[in-house]
Every structure is written in structure tokens, then in C-alpha cells.
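Have a look at start05.csv below; it lists CSV, C-alpha atoms.
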```
chain,number,residue,atom,x,y,z
A,24,MET,CA,-198.4,49.8,-9.3
A,25,ARG,CA,-201.5,47.6,-9.7
A,26,ARG,CA,-201.1,44.6,-12.0
A,27,PRO,CA,-203.3,44.9,-15.1
A,28,ARG,CA,-206.2,42.6,-15.3
A,29,TRP,CA,-205.4,39.6,-17.5
A,30,TRP,CA,-208.8,39.5,-19.1
A,31,ALA,CA,-208.8,43.2,-19.9
A,32,GLU,CA,-205.3,42.8,-21.5
A,33,LEU,CA,-206.5,39.9,-23.5
A,34,VAL,CA,-209.4,41.8,-24.9
A,35,LEU,CA,-207.3,44.9,-25.6
A,36,ILE,CA,-204.5,43.0,-27.4
A,37,GLY,CA,-207.1,41.0,-29.3
A,38,ALA,CA,-208.9,44.1,-30.5
A,39,VAL,CA,-205.7,45.8,-31.6
A,40,TYR,CA,-204.5,42.6,-33.5
A,41,ALA,CA,-207.9,42.3,-35.1
A,42,ALA,CA,-207.8,45.9,-36.3
A,43,TYR,CA,-204.3,45.4,-37.5
A,44,SER,CA,-205.2,42.2,-39.5
A,45,CYS,CA,-208.3,43.9,-41.0
A,46,GLY,CA,-206.3,47.0,-41.8
A,47,ARG,CA,-203.7,44.9,-43.7
A,48,LEU,CA,-206.5,43.4,-45.8
A,49,LEU,CA,-208.0,46.8,-46.5
A,50,ALA,CA,-204.6,48.4,-47.4
A,51,ARG,CA,-203.9,46.1,-50.3
A,52,GLY,CA,-203.2,48.9,-52.8
A,53,ASP,CA,-202.7,48.5,-56.5
A,54,VAL,CA,-200.6,45.6,-57.7
A,55,ASP,CA,-198.7,47.6,-60.3
A,56,THR,CA,-197.9,50.2,-57.7
A,57,ALA,CA,-196.7,47.6,-55.2
A,58,VAL,CA,-194.5,46.0,-57.9
A,59,ALA,CA,-193.1,49.5,-58.8
A,60,HIS,CA,-192.3,50.2,-55.1
A,61,GLY,CA,-190.6,46.8,-54.8
A,62,LEU,CA,-188.4,47.3,-57.8
A,63,ALA,CA,-187.5,50.8,-56.7
A,64,ILE,CA,-186.3,49.5,-53.3
A,65,LEU,CA,-184.3,46.7,-55.0
A,66,ARG,CA,-182.6,49.2,-57.4
A,67,PHE,CA,-181.8,51.5,-54.5
A,68,GLU,CA,-180.2,48.7,-52.6
A,69,GLN,CA,-178.2,47.6,-55.6
A,70,VAL,CA,-176.8,51.2,-56.0
A,71,LEU,CA,-175.8,51.1,-52.4
A,72,GLY,CA,-174.4,47.6,-52.6
A,73,ILE,CA,-176.7,46.3,-49.7
A,74,ASP,CA,-178.9,43.9,-51.6
A,75,ALA,CA,-178.1,40.9,-49.4
A,76,GLU,CA,-181.4,39.3,-50.3
A,77,HIS,CA,-180.0,37.7,-53.5
A,78,PRO,CA,-177.1,35.7,-52.0
A,79,LEU,CA,-179.2,34.6,-48.9
A,80,ASN,CA,-182.1,33.5,-51.1
A,81,ARG,CA,-179.8,31.5,-53.4
A,82,LEU,CA,-178.3,29.8,-50.3
A,83,PHE,CA,-181.7,29.0,-48.7
A,84,THR,CA,-183.0,27.7,-52.1
A,85,ALA,CA,-180.0,25.5,-52.8
A,86,THR,CA,-179.8,24.2,-49.2
A,87,PRO,CA,-183.1,22.7,-48.0
A,88,ALA,CA,-181.5,22.1,-44.6
A,89,LEU,CA,-181.5,25.9,-44.3
A,90,GLY,CA,-184.5,26.8,-46.4
A,91,ILE,CA,-187.1,24.5,-44.8
A,92,PRO,CA,-186.3,25.5,-41.1
A,93,ALA,CA,-186.3,29.2,-42.2
A,94,ASP,CA,-189.7,28.7,-43.7
A,95,PHE,CA,-191.0,27.2,-40.5
A,96,ALA,CA,-189.5,30.1,-38.6
A,97,TYR,CA,-191.1,32.7,-40.8
A,98,ALA,CA,-194.5,31.0,-40.7
A,99,SER,CA,-194.6,30.5,-36.9
A,100,LEU,CA,-192.2,32.3,-34.6
A,101,HIS,CA,-193.7,35.7,-35.4
A,102,TYR,CA,-197.0,34.5,-33.9
A,103,LEU,CA,-195.6,32.5,-31.0
A,104,VAL,CA,-192.6,34.3,-29.6
A,105,THR,CA,-194.2,37.7,-29.3
A,106,PRO,CA,-197.3,36.5,-27.3
A,107,ALA,CA,-194.9,34.4,-25.1
A,108,VAL,CA,-192.8,37.4,-24.3
A,109,LEU,CA,-196.0,39.4,-23.5
A,110,VAL,CA,-197.1,36.7,-21.1
A,111,TRP,CA,-193.7,36.5,-19.5
A,112,LEU,CA,-193.6,40.3,-18.9
A,113,PHE,CA,-197.1,40.2,-17.5
A,114,ARG,CA,-196.2,37.5,-15.0
A,115,ARG,CA,-192.6,38.3,-14.2
A,116,ARG,CA,-192.2,42.0,-14.8
A,117,PRO,CA,-195.7,43.5,-14.2
A,118,ALA,CA,-194.3,47.0,-13.4
A,119,ARG,CA,-192.7,47.0,-17.0
A,120,TYR,CA,-195.6,45.4,-18.8
A,121,ARG,CA,-197.8,48.3,-19.6
A,122,ALA,CA,-195.2,50.5,-21.2
A,123,ALA,CA,-193.8,47.5,-23.2
A,124,ARG,CA,-197.3,46.5,-24.4
A,125,THR,CA,-198.1,50.1,-25.4
A,126,TRP,CA,-194.8,50.3,-27.3
A,127,LEU,CA,-195.6,47.2,-29.2
A,128,MET,CA,-199.2,48.4,-30.1
A,129,VAL,CA,-198.2,51.9,-31.1
A,130,SER,CA,-195.5,50.5,-33.4
A,131,THR,CA,-197.8,48.0,-34.9
A,132,LEU,CA,-200.3,50.7,-35.8
A,133,LEU,CA,-197.5,52.8,-37.3
A,134,GLY,CA,-196.6,49.8,-39.4
A,135,LEU,CA,-200.2,49.6,-40.6
A,136,ILE,CA,-199.9,53.2,-41.8
A,137,GLY,CA,-196.8,52.2,-43.7
A,138,PHE,CA,-198.6,49.3,-45.5
A,139,THR,CA,-201.3,51.8,-46.5
A,140,LEU,CA,-199.0,54.5,-47.8
A,141,LEU,CA,-196.4,52.2,-49.4
A,142,PRO,CA,-197.8,48.9,-50.6
A,143,THR,CA,-194.7,46.9,-51.6
A,144,CYS,CA,-194.3,43.7,-53.6
A,145,PRO,CA,-191.9,41.3,-51.8
A,146,PRO,CA,-189.0,39.9,-53.7
A,147,ARG,CA,-190.6,36.4,-54.0
A,148,LEU,CA,-193.5,37.9,-56.0
A,149,LEU,CA,-191.3,39.8,-58.5
A,150,ASP,CA,-190.8,38.4,-62.0
A,151,PRO,CA,-188.4,35.4,-61.9
A,152,ALA,CA,-186.0,37.4,-64.1
A,153,HIS,CA,-185.0,39.4,-61.0
A,154,GLY,CA,-183.4,36.3,-59.6
A,155,PHE,CA,-185.6,35.4,-56.5
A,156,VAL,CA,-187.1,32.1,-55.6
A,157,ASP,CA,-190.1,31.8,-53.3
A,158,THR,CA,-188.8,29.2,-50.8
A,159,MET,CA,-192.1,28.9,-49.1
A,160,ALA,CA,-193.7,27.8,-52.4
A,161,ARG,CA,-190.7,25.6,-53.2
A,162,PHE,CA,-190.8,23.8,-49.8
A,163,SER,CA,-194.6,24.1,-49.1
A,164,ALA,CA,-194.9,20.3,-49.1
A,165,TYR,CA,-193.0,20.3,-45.8
A,166,GLY,CA,-195.3,22.7,-44.0
A,167,TRP,CA,-198.9,23.9,-43.5
A,168,TRP,CA,-198.5,26.9,-45.7
A,169,GLY,CA,-199.2,27.2,-49.4
A,170,GLY,CA,-197.7,29.3,-52.0
A,171,GLU,CA,-199.0,32.5,-50.5
A,172,ALA,CA,-196.6,33.6,-47.8
A,173,SER,CA,-197.2,32.1,-44.3
A,174,ALA,CA,-201.0,31.7,-44.8
A,175,PRO,CA,-202.3,28.1,-44.4
A,176,ARG,CA,-203.2,26.3,-47.6
A,177,GLY,CA,-206.5,27.7,-49.0
A,178,MET,CA,-206.4,30.9,-46.9
A,179,GLY,CA,-204.2,33.0,-49.1
A,180,ALA,CA,-207.0,35.4,-49.8
A,181,LEU,CA,-207.1,36.3,-46.1
A,182,THR,CA,-203.6,37.9,-46.2
A,183,ASN,CA,-202.2,40.9,-47.8
A,184,GLN,CA,-199.1,39.8,-49.7
A,185,TYR,CA,-198.1,43.4,-50.5
A,186,ALA,CA,-197.7,44.4,-46.9
A,187,ALA,CA,-193.9,44.1,-47.0
A,188,MET,CA,-192.8,47.7,-46.0
A,189,PRO,CA,-192.0,47.9,-43.1
A,190,SER,CA,-191.2,44.4,-41.9
A,191,LEU,CA,-193.1,43.8,-38.7
A,192,HIS,CA,-191.6,40.4,-38.5
A,193,VAL,CA,-188.3,42.2,-37.9
A,194,GLY,CA,-190.0,45.0,-35.8
A,195,TRP,CA,-191.7,42.5,-33.4
A,196,ALA,CA,-188.6,40.4,-33.2
A,197,LEU,CA,-186.6,43.5,-32.2
A,198,TRP,CA,-189.2,44.3,-29.5
A,199,CYS,CA,-188.9,40.8,-28.2
A,200,GLY,CA,-185.1,41.1,-28.2
A,201,VAL,CA,-185.1,44.4,-26.3
A,202,MET,CA,-187.4,42.9,-23.7
A,203,LEU,CA,-185.4,39.8,-23.2
A,204,TRP,CA,-182.1,41.8,-23.0
A,205,ARG,CA,-183.4,44.4,-20.6
A,206,TYR,CA,-185.4,42.2,-18.2
A,207,GLY,CA,-183.9,38.8,-18.6
A,208,ARG,CA,-181.8,37.7,-15.6
A,209,THR,CA,-180.0,34.8,-17.2
A,210,PRO,CA,-177.3,34.7,-19.9
A,211,LEU,CA,-179.5,32.5,-22.0
A,212,LEU,CA,-182.4,35.0,-22.1
A,213,ARG,CA,-180.0,37.8,-23.0
A,214,ALA,CA,-178.4,35.7,-25.7
A,215,LEU,CA,-181.9,35.0,-27.1
A,216,GLY,CA,-182.5,38.7,-27.0
A,217,VAL,CA,-179.6,39.3,-29.3
A,218,GLY,CA,-180.0,36.3,-31.5
A,219,TYR,CA,-183.7,36.3,-32.2
A,220,PRO,CA,-183.8,39.6,-34.1
A,221,LEU,CA,-180.7,38.8,-36.1
A,222,LEU,CA,-182.1,35.4,-37.0
A,223,THR,CA,-185.3,37.0,-38.1
A,224,VAL,CA,-183.5,39.5,-40.4
A,225,LEU,CA,-181.7,36.6,-42.1
A,226,VAL,CA,-184.9,34.5,-42.4
A,227,VAL,CA,-187.1,37.3,-43.9
A,228,MET,CA,-184.5,38.0,-46.6
A,229,GLY,CA,-183.4,34.4,-47.3
A,230,THR,CA,-187.0,33.3,-47.8
A,231,ALA,CA,-187.5,36.3,-50.2
A,232,ASN,CA,-190.3,37.7,-48.1
A,233,HIS,CA,-188.6,41.1,-47.4
A,234,TYR,CA,-185.9,43.4,-48.7
A,235,PHE,CA,-183.1,44.5,-46.4
A,236,LEU,CA,-184.6,48.0,-46.3
A,237,ASP,CA,-187.9,46.5,-45.2
A,238,ALA,CA,-186.0,45.2,-42.1
A,239,VAL,CA,-184.5,48.7,-41.6
A,240,ALA,CA,-187.9,50.2,-41.8
A,241,GLY,CA,-189.3,47.7,-39.3
A,242,ALA,CA,-186.6,48.8,-36.8
A,243,ALA,CA,-187.3,52.5,-37.6
A,244,VAL,CA,-191.0,52.0,-36.9
A,245,MET,CA,-190.2,50.4,-33.5
A,246,GLY,CA,-187.9,53.4,-32.7
A,247,ALA,CA,-190.8,55.8,-33.6
A,248,GLY,CA,-193.2,53.8,-31.5
A,249,LEU,CA,-190.8,53.9,-28.5
A,250,LEU,CA,-190.7,57.7,-28.8
A,251,LEU,CA,-194.5,58.0,-28.9
A,252,THR,CA,-195.2,55.5,-26.1
A,253,PRO,CA,-195.0,58.1,-23.2
A,254,TYR,CA,-197.5,60.3,-25.0
A,255,ALA,CA,-199.8,57.4,-25.8
A,256,MET,CA,-199.7,56.3,-22.1
A,257,ARG,CA,-200.5,59.8,-20.9
A,258,LEU,CA,-203.5,60.1,-23.3
A,259,ALA,CA,-204.7,56.7,-22.1
A,260,ASP,CA,-204.4,57.8,-18.5
A,261,ARG,CA,-206.5,61.0,-19.2
A,262,VAL,CA,-209.2,59.1,-21.0
A,263,THR,CA,-209.3,56.4,-18.3
A,264,GLY,CA,-209.3,59.1,-15.5
A,265,ARG,CA,-212.3,60.9,-17.1
A,266,VAL,CA,-214.3,57.7,-17.6
A,267,THR,CA,-213.5,56.5,-14.0
A,268,GLY,CA,-214.4,59.9,-12.6
A,269,ARG,CA,-217.7,59.9,-14.3
A,270,ALA,CA,-218.4,56.4,-13.2
A,271,ILE,CA,-217.6,57.3,-9.6
A,272,GLY,CA,-219.7,60.4,-9.7
A,273,ALA,CA,-222.7,58.4,-11.0
A,274,GLU,CA,-222.2,55.8,-8.4
A,275,SER,CA,-222.1,58.4,-5.6
A,276,ALA,CA,-225.2,60.0,-6.9
A,277,ARG,CA,-227.1,56.7,-6.8
A,278,ASN,CA,-225.9,56.0,-3.3
A,279,SER,CA,-226.7,59.4,-1.9
A,280,PRO,CA,-229.5,59.5,0.8
A,281,LEU,CA,-230.9,62.7,-0.8
A,282,VAL,CA,-233.5,61.7,-3.4
A,283,SER,CA,-234.5,65.2,-4.4
A,284,GLY,CA,-234.2,68.7,-3.0
A,285,GLY,CA,-235.0,68.6,0.8
A,286,TRP,CA,-236.2,65.0,0.8
A,287,GLU,CA,-234.5,62.0,2.4
A,288,THR,CA,-235.0,58.4,2.9
A,289,SER,CA,-233.9,56.6,6.0
A,290,ALA,CA,-233.3,52.9,6.8
A,291,GLY,CA,-236.4,50.8,6.0
A,292,GLU,CA,-238.0,53.5,3.9
A,293,ARG,CA,-238.5,52.6,0.2
A,294,ILE,CA,-240.9,55.4,-0.9
A,295,PRO,CA,-239.3,58.7,-1.8
A,296,ARG,CA,-240.7,61.8,0.0
A,297,GLN,CA,-241.9,59.6,2.8
A,298,ARG,CA,-240.1,61.9,5.2
A,299,SER,CA,-238.9,65.4,4.6
A,300,ALA,CA,-235.5,66.7,5.6
A,301,PRO,CA,-235.6,68.7,8.9
A,302,THR,CA,-235.6,72.5,8.4
A,303,ALA,CA,-234.7,75.4,10.7
A,304,ALA,CA,-238.4,76.0,11.4
A,305,ASP,CA,-238.8,72.4,12.5
A,306,ASP,CA,-235.8,72.7,14.8
A,307,SER,CA,-237.4,75.7,16.5
A,308,ARG,CA,-240.8,74.0,17.3
A,309,PRO,CA,-241.3,73.0,20.9
A,310,SER,CA,-241.1,69.3,21.4
A,311,ALA,CA,-244.3,67.5,22.3
A,312,ARG,CA,-244.8,66.8,26.0
```

Kindly return the structure encoded in the file as C-alpha cells.
Amino acid sequence: MRRPRWWAELVLIGAVYAAYSCGRLLARGDVDTAVAHGLAILRFEQVLGIDAEHPLNRLFTATPALGIPADFAYASLHYLVTPAVLVWLFRRRPARYRAARTWLMVSTLLGLIGFTLLPTCPPRLLDPAHGFVDTMARFSAYGWWGGEASAPRGMGALTNQYAAMPSLHVGWALWCGVMLWRYGRTPLLRALGVGYPLLTVLVVMGTANHYFLDAVAGAAVMGAGLLLTPYAMRLADRVTGRVTGRAIGAESARNSPLVSGGWETSAGERIPRQRSAPTAADDSRPSAR
């Protein structure tokens, strides 16, 4: 299988990420609706007894030695580890790269649909009466972020703070973990494949950026993306085949010696119709003596 061109991959991934980022901004939704969705998720978790966000958030808030590294992890690893794994696959596992990249992209677009249909207020933006502390705002003096999620100071308006369901922090981390586990050849890479997604789940809840069910939804989106990946690849192959076929046909037509019906050009001739193609009548004429 031919290795994908690096520059084409860079353009494709950049285009998908730009569409994803713009889509997040456009899918802001109504604040009241987002808050209602967040409270509904929290109440449902409390009924089931799975609201692990509260104890984790209290622990991270009371222990800066945990809260500050968690904030750094939330604000950076999502944007560093995933590209690093993509580059690693491209260089070391080129036969696996295309399917892995397609899985990540399809899942990301599914996540965007989730943000649009279900804008959700994260725990950190709920009324303080619900018991959550925004650790990134609490410890913002230690990092580059402000009080608006992981956005750098002064750039909070460029992010959608209500894009919490599903958690693509967890979804992308799960994708990275699967890639490292399946294609890593050392115990360290496999250990990272297990540990990184689990660490991400703890971080997103402890920093009050996501509910536990956001993390579950992030994993579900990745599962749906995995199921849709073969169909997406076949569709891409058909589109590419048609475009390539038309390009080859056009190139063949340009390189053909026939300029128009019955007329040819030969080496050294630049003017069409300078010489006509031989016909049966011409072949029957006696040659000049």
C-alpha cells in the first residue's frame, strides 16, 4: 500500500480540525438550555450513584499538587498527544495510518453533531450551590489559561464552553490508547495506551470540565466512529477513483495524436490539419515513380 503524502494529510487534517473548531463556535446553543441539560445529567448520575465528579473535584480543589498538574494536562495533552500519535502512525505504521486517521475524523464529526443537538453546561459553570469549583479559574495564575476553560487568557470568546457532551477529550484519549496498545511494541507504549485514557477521565471530572456521562458519551462516539470507518473509507475510495479517472481521461485526450476527426499531427508539426490521416483511397493510389 502506498504511503499517504504527508502534505496532503496535513491539509486534510487541518481542514477537518478547522471545520470542527468553527462548528463548535456555531453550535453554542442557548445558555438556559445548556444549563438545563447539565443539571439533568447531574441528577441522573445522582440517581444512579455514579456522580464521581463531586469527590474528585473536591480532592483536586483542596490539593493544588493534584489540581494544578490536572489543569495543565487538560489544557495541553489533548492538543499534543493526539497529533503525536498521528505522526507516529504515519511514520511507523503507514499501513494502519489511513484507517486510524479516518476513525478519528469520523468520530470527531459525530462529536460535533452531539454538541449541536445537546449543548451542555459543564459542572464548573453551574451555580456554586451545586458544589463544584472551577479549578482552572482557581489555579489560572499558574498557567496560560484564563477562567474560560483551556483557552488562553483573553481568547475565551473563541471557544464554546457549552460543548461538553460528548467529551472528545476522553474520546481522543481513548483513540490514542487503542493505537498505542494495538501497534506499540514495547511494554511502555502499551502501559501508556491503558493509562492515558484513564488519566484523562479523572482529569476532566476532577477539573469540573465534564460529567462522568460526558466521558461515557465520548467513548460511545468513538465506538460509532469505528463502525462507520469502513463505509467512510469506501466512499472516499469511490470519490477518489472517479476524480482520478476523469483526470486520467482528460490527460489521455490531451496527449492523443488525433486533433480532430481524421486529422493527425506528427513529430515537428505544430499546426493542426497540416497532414490528413491516411485513408483507404490513399492506400490504393499507385506510388509515384

Excluding range 98-109 of chain A and its own-chain neighbours fewer than 4 positions away, which residues fall within 7 Å of it when counting only C-alpha atoms? Please give them as a PyMOL selection string. chain A and resi 94+113+173+192+195+199

Using all atoms listed in the file, determine which residues lie at most 8 Å from Asn80 in chain A, disregarding the query and same-chain residues fewer than 2 positions distant; provide the list as a list of chain:residue names.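 Residues meeting the cut-off are A:Glu76, A:His77, A:Pro78, A:Leu82, A:Phe83, A:Thr84, A:Phe155, A:Val156, A:Thr158, A:Met228, A:Gly229, A:Thr230, A:Ala231.
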
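Of the residues listed (A:Ile91, A:Ala96, A:Leu197, A:Leu249), A:Leu197 shows the shortest atom-to-atom separation from Leu221 in chain A; distances use only C-alpha atoms.
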
Report as an MDAnalysis selection string all protein, DNA and RNA residues lying within 9 Å of Val54 in chain A, evaluated on only C-alpha atoms, omitting residues in the same chain fewer than 3 positions from it. chainID A and resid 51 57:59 142:144 185

Considering only C-alpha atoms, can you say which of A:Ala242, A:Leu127, A:Trp111, A:Leu65 comes closest to Leu212 in chain A?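 Of the candidates, the smallest distance to Leu212 in chain A is held by A:Trp111.
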
Distance CA of Leu149 in chain A-CA of Ser130 in chain A, one decimal place? 27.6 Å

Atomic separation - CA of Gly216 in chain A relative to CA of Leu203 in chain A, Å: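 These two atoms are separated by 4.9 Å.
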
Measuring atom to atom with all atoms listed in the file, identify which of A:Leu211, A:Val193, A:Ala88, A:Leu225 is nearest to Ala75 in chain A. A:Leu225

One decimal, in Å: what's the spacing between CA of Pro220 in chain A and CA of Val239 in chain A? 11.8 Å

Shell of 10 Å around range 252-258 of chain A, all atoms listed in the file, local chain residues under 5 positions omitted, as a list of chain:residue names: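 Counting only the stated atoms, we get A:Arg121, A:Ala122, A:Ala123, A:Arg124, A:Thr125, A:Trp126, A:Leu127, A:Met128, A:Val129, A:Ser130, A:Ala247, A:Thr263, A:Gly264.
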
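Of the listed residues (A:His153, A:Arg208, A:Leu133, A:Pro146), A:Leu133 comes nearest to Ala240 in chain A; the distances count all atoms listed in the file.
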
I'd like to know which of A:Gln184, A:Asn232, A:Ser163, A:Thr56 is closest to Tyr97 in chain A, using all atoms listed in the file.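 Smallest separation from Tyr97 in chain A among the options: A:Asn232.
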
Pick from A:Thr223, A:Tyr234, A:Ala152, A:Val201: nearest to Arg66 in chain A, with all atoms listed in the file counted?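 Among the listed residues, the smallest separation from Arg66 in chain A belongs to A:Tyr234.
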
Would you mind putting N, CA, C and O atoms back on range 115-133 of chain A and writing the result as a PDB file, in the coordinates of the input?
```pdb
ATOM      1  N   ARG A 115    -193.867  38.110 -14.857  1.00  0.00           N
ATOM      2  CA  ARG A 115    -192.600  38.300 -14.200  1.00  0.00           C
ATOM      3  C   ARG A 115    -192.167  39.737 -13.992  1.00  0.00           C
ATOM      4  O   ARG A 115    -191.406  40.044 -13.082  1.00  0.00           O
ATOM      5  N   ARG A 116    -192.627  40.610 -14.873  1.00  0.00           N
ATOM      6  CA  ARG A 116    -192.200  42.000 -14.800  1.00  0.00           C
ATOM      7  C   ARG A 116    -193.479  42.908 -14.944  1.00  0.00           C
ATOM      8  O   ARG A 116    -193.591  43.689 -15.869  1.00  0.00           O
ATOM      9  N   PRO A 117    -194.433  42.772 -14.019  1.00  0.00           N
ATOM     10  CA  PRO A 117    -195.700  43.500 -14.200  1.00  0.00           C
ATOM     11  C   PRO A 117    -195.503  45.034 -14.182  1.00  0.00           C
ATOM     12  O   PRO A 117    -196.269  45.754 -14.823  1.00  0.00           O
ATOM     13  N   ALA A 118    -194.481  45.535 -13.469  1.00  0.00           N
ATOM     14  CA  ALA A 118    -194.300  47.000 -13.400  1.00  0.00           C
ATOM     15  C   ALA A 118    -193.789  47.502 -14.808  1.00  0.00           C
ATOM     16  O   ALA A 118    -193.935  48.695 -15.106  1.00  0.00           O
ATOM     17  N   ARG A 119    -193.231  46.632 -15.633  1.00  0.00           N
ATOM     18  CA  ARG A 119    -192.700  47.000 -17.000  1.00  0.00           C
ATOM     19  C   ARG A 119    -193.703  46.687 -18.065  1.00  0.00           C
ATOM     20  O   ARG A 119    -193.512  47.125 -19.207  1.00  0.00           O
ATOM     21  N   TYR A 120    -194.715  45.918 -17.732  1.00  0.00           N
ATOM     22  CA  TYR A 120    -195.600  45.400 -18.800  1.00  0.00           C
ATOM     23  C   TYR A 120    -196.330  46.420 -19.563  1.00  0.00           C
ATOM     24  O   TYR A 120    -196.345  46.390 -20.793  1.00  0.00           O
ATOM     25  N   ARG A 121    -196.949  47.365 -18.871  1.00  0.00           N
ATOM     26  CA  ARG A 121    -197.800  48.300 -19.600  1.00  0.00           C
ATOM     27  C   ARG A 121    -197.089  49.141 -20.586  1.00  0.00           C
ATOM     28  O   ARG A 121    -197.548  49.315 -21.721  1.00  0.00           O
ATOM     29  N   ALA A 122    -195.931  49.658 -20.222  1.00  0.00           N
ATOM     30  CA  ALA A 122    -195.200  50.500 -21.200  1.00  0.00           C
ATOM     31  C   ALA A 122    -194.699  49.609 -22.351  1.00  0.00           C
ATOM     32  O   ALA A 122    -194.724  50.061 -23.503  1.00  0.00           O
ATOM     33  N   ALA A 123    -194.287  48.357 -22.076  1.00  0.00           N
ATOM     34  CA  ALA A 123    -193.800  47.500 -23.200  1.00  0.00           C
ATOM     35  C   ALA A 123    -194.965  47.150 -24.104  1.00  0.00           C
ATOM     36  O   ALA A 123    -194.797  47.160 -25.336  1.00  0.00           O
ATOM     37  N   ARG A 124    -196.122  46.834 -23.547  1.00  0.00           N
ATOM     38  CA  ARG A 124    -197.300  46.500 -24.400  1.00  0.00           C
ATOM     39  C   ARG A 124    -197.703  47.717 -25.212  1.00  0.00           C
ATOM     40  O   ARG A 124    -198.036  47.601 -26.395  1.00  0.00           O
ATOM     41  N   THR A 125    -197.682  48.907 -24.614  1.00  0.00           N
ATOM     42  CA  THR A 125    -198.100  50.100 -25.400  1.00  0.00           C
ATOM     43  C   THR A 125    -197.069  50.377 -26.487  1.00  0.00           C
ATOM     44  O   THR A 125    -197.471  50.754 -27.601  1.00  0.00           O
ATOM     45  N   TRP A 126    -195.796  50.179 -26.237  1.00  0.00           N
ATOM     46  CA  TRP A 126    -194.800  50.300 -27.300  1.00  0.00           C
ATOM     47  C   TRP A 126    -195.060  49.422 -28.466  1.00  0.00           C
ATOM     48  O   TRP A 126    -195.036  49.849 -29.625  1.00  0.00           O
ATOM     49  N   LEU A 127    -195.356  48.165 -28.178  1.00  0.00           N
ATOM     50  CA  LEU A 127    -195.600  47.200 -29.200  1.00  0.00           C
ATOM     51  C   LEU A 127    -196.870  47.601 -30.048  1.00  0.00           C
ATOM     52  O   LEU A 127    -196.876  47.546 -31.285  1.00  0.00           O
ATOM     53  N   MET A 128    -197.916  48.042 -29.369  1.00  0.00           N
ATOM     54  CA  MET A 128    -199.200  48.400 -30.100  1.00  0.00           C
ATOM     55  C   MET A 128    -199.012  49.638 -30.910  1.00  0.00           C
ATOM     56  O   MET A 128    -199.485  49.686 -32.050  1.00  0.00           O
ATOM     57  N   VAL A 129    -198.378  50.660 -30.357  1.00  0.00           N
ATOM     58  CA  VAL A 129    -198.200  51.900 -31.100  1.00  0.00           C
ATOM     59  C   VAL A 129    -197.366  51.630 -32.364  1.00  0.00           C
ATOM     60  O   VAL A 129    -197.691  52.098 -33.469  1.00  0.00           O
ATOM     61  N   SER A 130    -196.314  50.856 -32.226  1.00  0.00           N
ATOM     62  CA  SER A 130    -195.500  50.500 -33.400  1.00  0.00           C
ATOM     63  C   SER A 130    -196.217  49.734 -34.418  1.00  0.00           C
ATOM     64  O   SER A 130    -196.035  49.933 -35.634  1.00  0.00           O
ATOM     65  N   THR A 131    -197.059  48.813 -33.970  1.00  0.00           N
ATOM     66  CA  THR A 131    -197.800  48.000 -34.900  1.00  0.00           C
ATOM     67  C   THR A 131    -198.796  48.886 -35.711  1.00  0.00           C
ATOM     68  O   THR A 131    -198.946  48.709 -36.934  1.00  0.00           O
ATOM     69  N   LEU A 132    -199.434  49.831 -35.065  1.00  0.00           N
ATOM     70  CA  LEU A 132    -200.300  50.700 -35.800  1.00  0.00           C
ATOM     71  C   LEU A 132    -199.564  51.629 -36.750  1.00  0.00           C
ATOM     72  O   LEU A 132    -200.047  51.934 -37.848  1.00  0.00           O
ATOM     73  N   LEU A 133    -198.354  52.029 -36.384  1.00  0.00           N
ATOM     74  CA  LEU A 133    -197.500  52.800 -37.300  1.00  0.00           C
ATOM     75  C   LEU A 133    -197.150  51.924 -38.533  1.00  0.00           C
ATOM     76  O   LEU A 133    -197.101  52.422 -39.670  1.00  0.00           O
TER      77      LEU A 133
END
```
